[in-house]
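Colleague: I am sharing coords11.txt, which consists of compact mmCIF, C-alpha atoms:
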# COMPACT_ATOMS: atom_id res chain seq x y z
CA MET Q 12 0.00 0.00 0.00
CA ARG Q 13 2.82 2.35 0.76
CA ARG Q 14 4.38 1.62 -2.66
CA ILE Q 15 1.06 2.37 -4.45
CA GLY Q 16 0.77 5.66 -2.56
CA PHE Q 17 4.31 6.63 -3.60
CA TYR Q 18 3.52 5.95 -7.28
CA LEU Q 19 0.32 8.06 -7.12
CA PHE Q 20 2.27 10.99 -5.56
CA MET Q 21 4.89 10.94 -8.31
CA ILE Q 22 2.19 10.90 -11.03
CA ALA Q 23 0.53 14.01 -9.43
CA VAL Q 24 3.83 15.90 -9.35
CA PHE Q 25 4.44 15.05 -12.99
CA LEU Q 26 1.00 16.32 -14.07
CA LEU Q 27 1.09 19.60 -11.99
CA ALA Q 28 4.64 20.69 -12.82
CA PRO Q 29 3.72 22.42 -16.12
CA LEU Q 30 0.96 24.37 -14.38
CA LEU Q 31 3.33 25.62 -11.69
CA ALA Q 32 5.68 26.91 -14.35
CA LEU Q 33 3.03 29.23 -15.84
CA PRO Q 34 3.44 32.98 -15.05
CA GLN Q 35 1.43 34.05 -12.00
CA LYS Q 36 -1.08 36.97 -11.98
CA ALA Q 37 0.35 39.96 -10.12
CA VAL Q 38 -1.36 40.95 -6.84
CA PRO Q 39 -1.79 44.75 -6.61
CA ALA Q 40 -0.03 46.55 -3.76
CA PRO Q 41 -2.22 48.25 -1.12
CA ALA Q 42 -3.29 51.74 -2.24
CA ALA Q 43 -1.30 54.54 -0.65
CA ALA Q 44 -3.18 56.80 1.82
CA PRO Q 45 -4.33 59.99 0.07
CA THR Q 46 -2.26 63.09 0.77
CA PRO Q 47 -4.38 65.80 2.44
CA THR Q 48 -4.97 68.79 0.22
CA PRO Q 49 -5.10 72.37 1.51
CA THR Q 50 -8.90 72.34 1.26
CA ALA Q 51 -8.97 69.58 3.88
CA VAL Q 52 -7.48 71.89 6.49
CA ALA Q 53 -10.13 73.31 8.83
CA ARG Q 54 -10.59 77.07 8.54
CA PRO Q 55 -9.82 79.04 11.69
CA ALA Q 56 -12.82 80.48 13.50
CA ALA Q 57 -13.84 83.95 12.37
CA PRO Q 58 -12.53 86.74 14.62
CA TYR Q 59 -15.10 88.13 17.04
CA ARG Q 60 -16.13 91.54 15.66
CA ALA Q 61 -19.60 92.45 16.81
CA VAL Q 62 -22.17 95.21 16.48
CA TRP Q 63 -25.05 95.62 18.93
CA VAL Q 64 -28.53 96.15 17.47
CA SER Q 65 -30.71 97.39 20.32
CA TYR Q 66 -34.38 98.08 20.90
CA LEU Q 67 -33.57 101.67 19.95
CA GLU Q 68 -32.84 100.40 16.43
CA TRP Q 69 -36.01 98.28 16.40
CA GLU Q 70 -38.04 101.41 17.14
CA GLN Q 71 -36.93 102.69 13.71
CA VAL Q 72 -37.60 99.43 11.82
CA ASP Q 73 -40.78 98.68 9.86
CA PHE Q 74 -42.52 95.62 11.36
CA SER Q 75 -45.69 96.07 9.31
CA SER Q 76 -45.02 92.94 7.25
CA ALA Q 77 -42.44 90.22 6.79
CA GLU Q 78 -41.43 91.83 3.50
CA ALA Q 79 -40.92 95.29 5.02
CA PHE Q 80 -38.97 93.86 7.93
CA THR Q 81 -36.79 91.74 5.64
CA GLN Q 82 -35.91 94.78 3.54
CA ALA Q 83 -35.05 96.86 6.61
CA ILE Q 84 -32.83 94.26 8.22
CA GLY Q 85 -31.17 93.55 4.87
CA THR Q 86 -29.89 97.11 4.72
CA MET Q 87 -28.82 96.93 8.35
CA LEU Q 88 -26.94 93.65 7.95
CA ASP Q 89 -25.27 94.83 4.74
CA ASN Q 90 -23.95 97.87 6.61
CA ILE Q 91 -22.69 95.71 9.47
CA GLN Q 92 -20.97 93.37 7.03
CA SER Q 93 -19.42 96.27 5.13
CA ILE Q 94 -17.10 97.26 8.01
CA GLY Q 95 -15.79 93.73 8.51
CA ALA Q 96 -17.98 92.73 11.45
CA THR Q 97 -18.67 89.02 11.92
CA VAL Q 98 -21.29 88.99 14.70
CA VAL Q 99 -24.65 90.70 15.21
CA LEU Q 100 -25.84 91.08 18.82
CA ALA Q 101 -29.57 91.45 18.23
CA GLN Q 102 -31.72 92.45 21.18
CA VAL Q 103 -34.59 89.98 21.06
CA ARG Q 104 -35.87 90.12 24.64
CA PRO Q 105 -35.69 93.71 25.88
CA PHE Q 106 -38.52 94.04 28.46
CA GLY Q 107 -39.61 90.57 29.53
CA ASP Q 108 -41.05 90.25 26.04
CA ALA Q 109 -39.82 88.80 22.75
CA LEU Q 110 -39.21 89.47 19.07
CA TYR Q 111 -40.30 85.89 18.39
CA PRO Q 112 -43.21 83.60 19.35
CA SER Q 113 -42.45 82.27 22.82
CA ASP Q 114 -44.01 79.98 25.39
CA TYR Q 115 -42.61 82.20 28.14
CA PHE Q 116 -42.77 85.81 26.99
CA PRO Q 117 -45.33 87.85 25.01
CA PHE Q 118 -44.51 89.50 21.71
CA SER Q 119 -42.66 92.76 22.23
CA HIS Q 120 -44.46 96.07 21.85
CA LEU Q 121 -41.67 96.96 19.41
CA CYS Q 122 -43.31 94.74 16.78
CA THR Q 123 -46.77 96.31 16.66
CA GLY Q 124 -46.89 99.05 19.29
CA THR Q 125 -48.80 96.78 21.66
CA GLN Q 126 -47.17 94.18 23.85
CA GLY Q 127 -48.55 90.70 23.24
CA GLN Q 128 -49.82 91.42 19.73
CA ASP Q 129 -48.59 88.99 17.06
CA PRO Q 130 -47.05 90.82 14.08
CA GLY Q 131 -48.00 87.93 11.79
CA PHE Q 132 -44.46 86.71 11.21
CA ASP Q 133 -41.39 85.63 13.19
CA PRO Q 134 -38.82 88.47 13.21
CA LEU Q 135 -36.08 86.38 14.81
CA ALA Q 136 -36.39 83.60 12.22
CA LEU Q 137 -35.96 86.17 9.45
CA LEU Q 138 -33.02 87.76 11.29
CA VAL Q 139 -31.18 84.46 11.69
CA ASP Q 140 -31.68 83.53 8.04
CA ALA Q 141 -30.67 86.97 6.74
CA ALA Q 142 -27.55 87.10 8.92
CA HIS Q 143 -26.39 83.61 7.99
CA ALA Q 144 -26.99 84.34 4.29
CA ARG Q 145 -24.35 87.08 4.67
CA ASP Q 146 -21.97 84.82 6.63
CA LEU Q 147 -22.69 86.81 9.79
CA GLN Q 148 -23.22 85.09 13.12
CA LEU Q 149 -26.27 86.10 15.13
CA GLU Q 150 -26.44 86.12 18.92
CA ALA Q 151 -29.73 86.55 20.75
CA TRP Q 152 -29.31 89.44 23.18
CA VAL Q 153 -31.44 89.10 26.30
CA ASN Q 154 -32.13 91.45 29.20
CA PRO Q 155 -32.37 88.95 32.03
CA TYR Q 156 -34.43 90.84 34.64
CA ARG Q 157 -35.86 94.06 33.17
CA ILE Q 158 -39.65 94.20 32.68
CA GLN Q 159 -40.23 97.95 32.37
CA ALA Q 160 -38.16 101.12 32.08
CA GLY Q 161 -40.39 103.57 33.90
CA PRO Q 162 -43.86 102.97 32.44
CA THR Q 163 -42.54 101.51 29.16
CA PRO Q 164 -43.87 99.26 27.84
CA ALA Q 165 -47.49 98.98 28.88
CA LEU Q 166 -47.71 95.40 30.13
CA CYS Q 167 -50.13 92.90 28.64
CA GLY Q 168 -51.82 90.06 30.48
CA ALA Q 169 -49.23 87.56 29.25
CA SER Q 170 -46.30 89.46 30.75
CA PRO Q 171 -44.55 87.44 33.46
CA ALA Q 172 -45.20 90.43 35.72
CA ARG Q 173 -48.94 89.91 35.29
CA LEU Q 174 -48.85 86.11 35.41
CA HIS Q 175 -46.53 86.03 38.43
CA PRO Q 176 -46.81 89.33 40.32
CA ASP Q 177 -44.89 87.85 43.25
CA TRP Q 178 -41.86 87.52 40.95
CA VAL Q 179 -41.57 91.28 40.41
CA ARG Q 180 -39.72 93.98 42.34
CA TYR Q 181 -40.00 97.72 41.68
CA THR Q 182 -37.61 100.64 41.84
CA ASP Q 183 -37.89 104.26 40.78
CA THR Q 184 -36.45 103.20 37.39
CA GLY Q 185 -38.99 100.49 36.60
CA ALA Q 186 -39.96 96.87 37.21
CA TYR Q 187 -37.62 93.88 37.40
CA LEU Q 188 -37.86 90.16 37.89
CA ASP Q 189 -36.63 89.23 41.36
CA PRO Q 190 -33.05 87.88 41.18
CA ALA Q 191 -33.54 86.16 44.56
CA ASN Q 192 -36.39 83.97 43.33
CA ALA Q 193 -35.33 80.47 42.23
CA ASP Q 194 -38.46 80.16 40.06
CA VAL Q 195 -37.46 83.36 38.26
CA ARG Q 196 -34.00 82.03 37.60
CA GLN Q 197 -35.35 78.79 36.18
CA TYR Q 198 -37.87 80.72 34.06
CA ILE Q 199 -35.11 82.83 32.52
CA ALA Q 200 -32.97 79.75 31.92
CA ASP Q 201 -35.92 77.97 30.28
CA GLY Q 202 -36.29 80.98 28.01
CA VAL Q 203 -32.63 80.59 27.02
CA GLY Q 204 -33.22 76.93 26.27
CA GLU Q 205 -36.22 77.83 24.11
CA LEU Q 206 -34.12 80.21 22.01
CA CYS Q 207 -31.41 77.60 21.52
CA ALA Q 208 -33.87 74.81 20.69
CA ARG Q 209 -35.95 76.73 18.17
CA TYR Q 210 -33.43 78.94 16.39
CA ALA Q 211 -29.98 78.42 14.90
CA VAL Q 212 -28.55 81.24 17.01
CA ASP Q 213 -24.79 81.37 17.39
CA GLY Q 214 -24.87 82.66 20.94
CA ILE Q 215 -26.88 83.94 23.88
CA HIS Q 216 -25.80 87.37 25.07
CA PHE Q 217 -26.69 89.01 28.41
CA ASP Q 218 -26.11 92.70 29.01
CA ASP Q 219 -25.41 94.49 32.29
CA TYR Q 220 -28.97 94.72 33.63
CA PHE Q 221 -28.48 92.71 36.80
CA TYR Q 222 -29.42 94.14 40.20
CA PRO Q 223 -31.03 97.52 39.50
CA THR Q 224 -30.36 99.10 42.91
CA THR Q 225 -28.22 98.93 46.02
CA ASP Q 226 -31.18 99.77 48.28
CA PRO Q 227 -31.39 97.07 50.98
CA ALA Q 228 -35.18 97.37 50.99
CA PHE Q 229 -35.39 96.08 47.39
CA ASP Q 230 -35.22 92.47 48.52
CA ALA Q 231 -35.03 92.70 52.31
CA ALA Q 232 -37.92 90.27 52.75
CA ASP Q 233 -36.31 87.71 50.44
CA TYR Q 234 -33.03 88.04 52.26
CA ALA Q 235 -34.64 87.56 55.67
CA ALA Q 236 -36.61 84.54 54.44
CA SER Q 237 -33.51 82.93 52.96
CA GLY Q 238 -31.87 82.49 56.36
CA SER Q 239 -28.53 83.04 54.65
CA THR Q 240 -25.45 83.56 56.79
CA LEU Q 241 -23.92 85.64 53.97
CA THR Q 242 -24.08 89.41 54.00
CA GLN Q 243 -26.90 90.80 51.89
CA ASP Q 244 -24.37 91.96 49.30
CA ASP Q 245 -22.73 88.54 49.02
CA TRP Q 246 -26.14 86.86 48.98
CA ARG Q 247 -27.14 89.05 46.04
CA ARG Q 248 -23.97 88.11 44.19
CA GLU Q 249 -24.74 84.44 44.74
CA ASN Q 250 -28.22 84.97 43.27
CA VAL Q 251 -26.72 86.40 40.08
CA ASN Q 252 -24.08 83.66 39.99
CA ALA Q 253 -26.82 81.03 40.20
CA LEU Q 254 -28.68 82.60 37.26
CA MET Q 255 -25.54 82.74 35.14
CA GLU Q 256 -24.68 79.12 35.87
CA LEU Q 257 -28.20 77.95 34.97
CA CYS Q 258 -28.25 79.91 31.72
CA HIS Q 259 -24.76 78.79 30.71
CA ALA Q 260 -25.80 75.18 31.27
CA ALA Q 261 -28.98 75.72 29.22
CA ALA Q 262 -27.02 77.12 26.28
CA ARG Q 263 -24.31 74.46 26.54
CA ARG Q 264 -26.88 71.67 26.17
CA TYR Q 265 -27.40 72.94 22.63
CA GLY Q 266 -23.77 73.72 21.87
CA VAL Q 267 -24.50 77.47 21.87
CA ARG Q 268 -21.99 79.92 23.35
CA PHE Q 269 -23.04 82.07 26.27
CA GLY Q 270 -21.58 85.47 27.05
CA ALA Q 271 -22.23 88.68 28.93
CA ALA Q 272 -21.39 92.37 28.69
CA PRO Q 273 -20.98 93.66 32.25
CA ALA Q 274 -20.37 97.29 33.15
CA GLY Q 275 -16.86 98.46 32.33
CA ASP Q 276 -15.64 99.19 35.87
CA PRO Q 277 -14.88 95.84 37.60
CA GLU Q 278 -15.43 97.30 41.07
CA GLN Q 279 -18.80 98.85 40.16
CA ASN Q 280 -19.90 95.50 38.76
CA TYR Q 281 -19.13 93.88 42.06
CA THR Q 282 -20.47 96.51 44.45
CA LEU Q 283 -23.32 98.18 42.55
CA GLN Q 284 -24.77 95.42 40.37
CA TYR Q 285 -23.64 92.44 42.43
CA SER Q 286 -22.07 90.85 39.37
CA ASP Q 287 -18.94 88.86 40.18
CA ALA Q 288 -17.69 88.98 36.61
CA ALA Q 289 -14.13 88.11 37.65
CA ARG Q 290 -15.46 84.85 39.06
CA TRP Q 291 -17.32 84.11 35.82
CA LEU Q 292 -14.06 84.49 33.92
CA ARG Q 293 -12.11 82.44 36.42
CA GLN Q 294 -14.60 79.60 36.77
CA GLY Q 295 -15.82 79.46 33.18
CA THR Q 296 -19.39 80.48 33.97
CA VAL Q 297 -19.35 82.24 30.59
CA ASP Q 298 -17.80 81.38 27.25
CA TYR Q 299 -16.83 85.01 26.82
CA LEU Q 300 -17.03 88.28 28.67
CA MET Q 301 -17.27 91.66 26.94
CA PRO Q 302 -17.09 94.50 29.51
CA GLN Q 303 -18.47 97.81 28.31
CA LEU Q 304 -15.42 100.07 28.10
CA TYR Q 305 -17.28 103.17 26.98
CA TRP Q 306 -14.65 105.82 27.75
CA GLY Q 307 -11.86 107.26 25.63
CA GLN Q 308 -8.16 106.54 25.89
CA GLU Q 309 -7.64 110.12 27.07
CA TYR Q 310 -10.50 110.09 29.60
CA ILE Q 311 -9.79 111.94 32.81
CA LYS Q 312 -12.17 113.42 35.38
CA ASN Q 313 -11.03 115.65 38.22
CA GLY Q 314 -7.52 114.33 37.77
CA ASP Q 315 -8.67 110.70 37.87
CA ALA Q 316 -7.87 108.58 34.80
CA SER Q 317 -8.98 105.23 36.28
CA HIS Q 318 -11.90 105.02 33.85
CA SER Q 319 -9.79 105.63 30.79
CA PHE Q 320 -10.15 102.99 28.12
CA ALA Q 321 -6.52 101.96 28.38
CA GLN Q 322 -6.56 101.47 32.16
CA LEU Q 323 -9.83 99.55 32.20
CA ALA Q 324 -8.85 97.33 29.27
CA ALA Q 325 -5.57 96.48 30.97
CA ALA Q 326 -7.36 95.71 34.26
CA TRP Q 327 -9.73 93.25 32.58
CA ALA Q 328 -6.94 91.69 30.54
CA ALA Q 329 -4.99 91.00 33.74
CA LEU Q 330 -7.79 88.91 35.32
CA PRO Q 331 -7.32 85.13 35.29
CA ARG Q 332 -9.49 83.21 32.85
CA ALA Q 333 -10.51 79.57 32.70
CA ALA Q 334 -9.27 77.61 29.70
CA GLY Q 335 -11.27 78.46 26.60
CA VAL Q 336 -12.96 81.56 28.04
CA LYS Q 337 -12.57 84.58 25.76
CA LEU Q 338 -12.20 88.23 26.72
CA TYR Q 339 -13.64 90.86 24.39
CA ALA Q 340 -14.30 94.57 24.90
CA GLY Q 341 -17.38 96.67 24.24
CA LEU Q 342 -16.63 100.04 22.64
CA GLY Q 343 -18.84 103.11 22.92
CA ALA Q 344 -19.68 104.09 19.36
CA TYR Q 345 -22.44 106.28 20.81
CA ARG Q 346 -19.70 108.61 22.07
CA VAL Q 347 -18.78 109.61 18.50
CA GLY Q 348 -19.50 113.32 18.10
CA ALA Q 349 -20.85 113.48 21.68
CA GLY Q 350 -17.83 112.85 23.89
CA ASP Q 351 -17.57 110.99 27.19
CA GLY Q 352 -17.52 113.87 29.67
CA SER Q 353 -13.75 113.88 29.97
CA ASP Q 354 -12.03 117.00 31.25
CA ALA Q 355 -9.46 116.68 28.47
CA GLY Q 356 -9.06 115.27 24.99
CA SER Q 357 -11.05 115.44 21.78
CA GLU Q 358 -10.63 111.89 20.47
CA TRP Q 359 -14.36 111.37 19.96
CA PHE Q 360 -14.22 114.12 17.36
CA SER Q 361 -11.22 112.69 15.50
CA GLY Q 362 -13.04 110.31 13.16
CA HIS Q 363 -10.86 107.35 14.24
CA ALA Q 364 -11.31 106.96 18.01
CA LEU Q 365 -12.81 103.47 17.75
CA ALA Q 366 -10.15 102.25 15.32
CA ASP Q 367 -7.47 103.50 17.72
CA GLN Q 368 -9.11 101.56 20.54
CA LEU Q 369 -9.22 98.40 18.43
CA ALA Q 370 -5.49 98.75 17.82
CA LEU Q 371 -4.84 99.05 21.55
CA LEU Q 372 -6.94 95.96 22.29
CA ALA Q 373 -4.85 93.97 19.83
CA ARG Q 374 -1.68 95.03 21.66
CA LEU Q 375 -3.19 93.96 24.99
CA GLY Q 376 -4.18 90.56 23.64
CA VAL Q 377 -7.93 91.17 23.99
CA GLN Q 378 -9.48 88.71 21.56
CA GLY Q 379 -12.39 90.64 20.06
CA ALA Q 380 -14.68 93.65 20.35
CA GLY Q 381 -18.25 94.86 20.03
CA LEU Q 382 -19.53 98.28 18.97
CA TYR Q 383 -22.44 99.87 20.79
CA ARG Q 384 -24.46 100.53 18.77
CA TYR Q 385 -25.54 100.22 15.12
CA GLY Q 386 -27.37 103.56 14.92
CA SER Q 387 -24.38 105.46 16.28
CA LEU Q 388 -22.38 104.48 13.20
CA PHE Q 389 -25.01 104.22 10.48
CA ALA Q 390 -27.81 106.56 11.58
CA ASN Q 391 -25.99 109.23 13.55
CA SER Q 392 -27.98 112.37 12.78
CA GLY Q 393 -25.92 114.45 15.21
CA ALA Q 394 -22.53 113.76 13.62
CA PRO Q 395 -23.03 111.96 10.30
CA ALA Q 396 -19.64 112.85 8.81
CA LEU Q 397 -17.76 111.77 11.92
CA ALA Q 398 -19.72 108.51 12.08
CA GLU Q 399 -18.92 107.77 8.44
CA SER Q 400 -15.25 108.45 9.08
CA GLU Q 401 -15.26 106.17 12.13
CA ALA Q 402 -16.91 103.39 10.12
CA GLU Q 403 -14.27 103.66 7.41
CA ALA Q 404 -11.47 103.61 9.99
CA ILE Q 405 -12.94 100.51 11.63
CA LYS Q 406 -13.18 98.86 8.24
CA GLY Q 407 -9.49 99.58 7.72
CA VAL Q 408 -8.65 97.73 10.95
CA TRP Q 409 -11.07 94.82 10.64
CA GLN Q 410 -10.53 94.21 6.95
CA GLY Q 411 -6.83 95.02 6.95
Represent the supplied structure as structure tokens.
Modeller:
Amino acid sequence: MRRIGFYLFMIAVFLLAPLLALPQKAVPAPAAAPTPTPTAVARPAAPYRAVWVSYLEWEQVDFSSAEAFTQAIGTMLDNIQSIGATVVLAQVRPFGDALYPSDYFPFSHLCTGTQGQDPGFDPLALLVDAAHARDLQLEAWVNPYRIQAGPTPALCGASPARLHPDWVRYTDTGAYLDPANADVRQYIADGVGELCARYAVDGIHFDDYFYPTTDPAFDAADYAASGSTLTQDDWRRENVNALMELCHAAARRYGVRFGAAPAGDPEQNYTLQYSDAARWLRQGTVDYLMPQLYWGQEYIKNGDASHSFAQLAAAWAALPRAAGVKLYAGLGAYRVGAGDGSDAGSEWFSGHALADQLALLARLGVQGAGLYRYGSLFANSGAPALAESEAEAIKGVWQG
């Protein structure tokens, strides 16, 4: 049997040998990984160059129809884009009311003249679309506590002040939601979440309307009921901190940045408005902070230059910041042709005061800026030539 097996093996080798001698088909080598092209490199984020559009601008805008509104904001956004701005800070909740249909706040009186009256279209939806069509980012600017400035606006039945009168506190300047009330804080944060969920906004922006008074009587009952061992001042600061943390968390759930524009003097923030903005920078309670540095570089009053733009900008730039938190600066375009009350200097009549301030910010390492406000540059009836000159100078800086 072994001999038969050997013979069969030899026959198989004899028959297969010619086949093994045939040329073999080549096996292709693995394809090389593609070389990245320049277009595959991510573009850097656009620099933060903002213009505030306030309720004062909305008072001049035609809300009579979607078409009229679209035309008006088109002109506005074209002007903003023309100077090299990248961000629009649009005031969409100025008095506990809204420039959009909301489950929490009535339509603003700015839309129709009557708070709570539907204009028949969604202004914010049109704003977002028009801004993005021009490659501009749009942040929804919110006044967190203010309900009325004096008697304005006349409140409708759907105002939170009417639905929840126990949430409201009054001063000689108007009506405000109570910062000490946890339900108020959650209500404001829910309103932030609504904006982020329903609109493709690029940010939520709070201004400096925090505590409206230093009068202990404003919230003495709340303070007594809280049983807090903190001083009333520190307790007030904790109330504002709690609101900011809630609203930052609400925006973060949607991947939307959250920032604030506190008053320009760090000490006045802390002592007069109970806003611990240095803590927000340090702890990352905000994604950016943009203090309102609305004085000139040459500002001096009674020999005191502590409010000069240069000194304030340097003070903010020196504060520690959590990783990723940006520092910007708000510039007072409304000072153009009007001045800032300084005892010396004429920079606000130079035609390039704002451009000079932007140059200083760059030297200090401040990462962006906002201009308050649109009308001061593009509808300045008091100093039109100066405003035009300032806009051109800004364009020269922002567009190189």
Colleague: Under the rule that all atoms listed in the file are counted, which of Q:Glu278, Q:Glu309, Q:Asp298, Q:Asp244 is the nearest residue to Q:Tyr222?
Modeller: Q:Asp244
Colleague: Kindly indicate which residue among Q:Ala364, Q:Glu205, Q:Tyr385, Q:Ala398 lies nearest to Q:Gln92, using only C-alpha atoms for the distances.
Modeller: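 Among the listed residues, Q:Tyr385 lies closest to Q:Gln92.
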Colleague: Please list as an MDAnalysis selection string every residue within 7 Å of Q:Leu338, counting all atoms listed in the file and excluding residues in the same chain fewer than 2 positions away.
Modeller: chainID Q and resid 299:301 336 340 377:378
Colleague: Hey, can you check how far atom CA of Q:Phe118 sits from atom CA of Q:Ala77?
Modeller: 15.1 Å
Colleague: Check the smallest atom-to-atom distance from each of Q:Leu137, Q:Gly376, Q:Ala165, Q:Ala211 to Q:Gly266 using all atoms listed in the file, then report the winner.
Modeller: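 The shortest atom-to-atom distance to Q:Gly266 comes from Q:Ala211.
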Colleague: Can you measure atom CA of Q:Ser76 to atom CA of Q:Thr163 for me? One decimal in Å is fine.
Modeller: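 Value for the atom CA of Q:Ser76-atom CA of Q:Thr163 distance: 23.7 Å.
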Colleague: For Q:Leu67, which residue out of Q:Ala404, Q:Leu330, Q:Ala390, Q:Ala366 is the nearest one, using all atoms listed in the file?
Modeller: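 When distances to Q:Leu67 are compared using all atoms listed in the file, the smallest one comes from Q:Ala390.
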Colleague: Report, as lines of an AutoDock Vina configuration file, the centre and edge lengths in Å (one decimal) of the axis-aligned box enclosing every listed atom of stretch 184-193 of chain Q, padded by 6 Å on each side.
Modeller:
center_x = -36.5
center_y = 91.8
center_z = 40.6
size_x = 18.9
size_y = 34.7
size_z = 20.0
Colleague: List as a Markdown table every residue of stretch 226-302 of chain Q that is in contact with stretch 342-352 of chain Q, defined as an atom at most 12 Å from one of its atoms (using all atoms listed in the file), together with the nearest atom pair and the distance in Å rounded to one decimal, sorted by chain and then rising number.
Modeller:
| residue | atom | partner | partner_atom | distance |
| --- | --- | --- | --- | --- |
| Q:Ala272 | CA | Q:Leu342 | CA | 10.9 |
| Q:Ala274 | CA | Q:Leu342 | CA | 11.5 |
| Q:Gly275 | CA | Q:Leu342 | CA | 9.8 |
| Q:Met301 | CA | Q:Leu342 | CA | 9.4 |
| Q:Pro302 | CA | Q:Leu342 | CA | 8.8 |
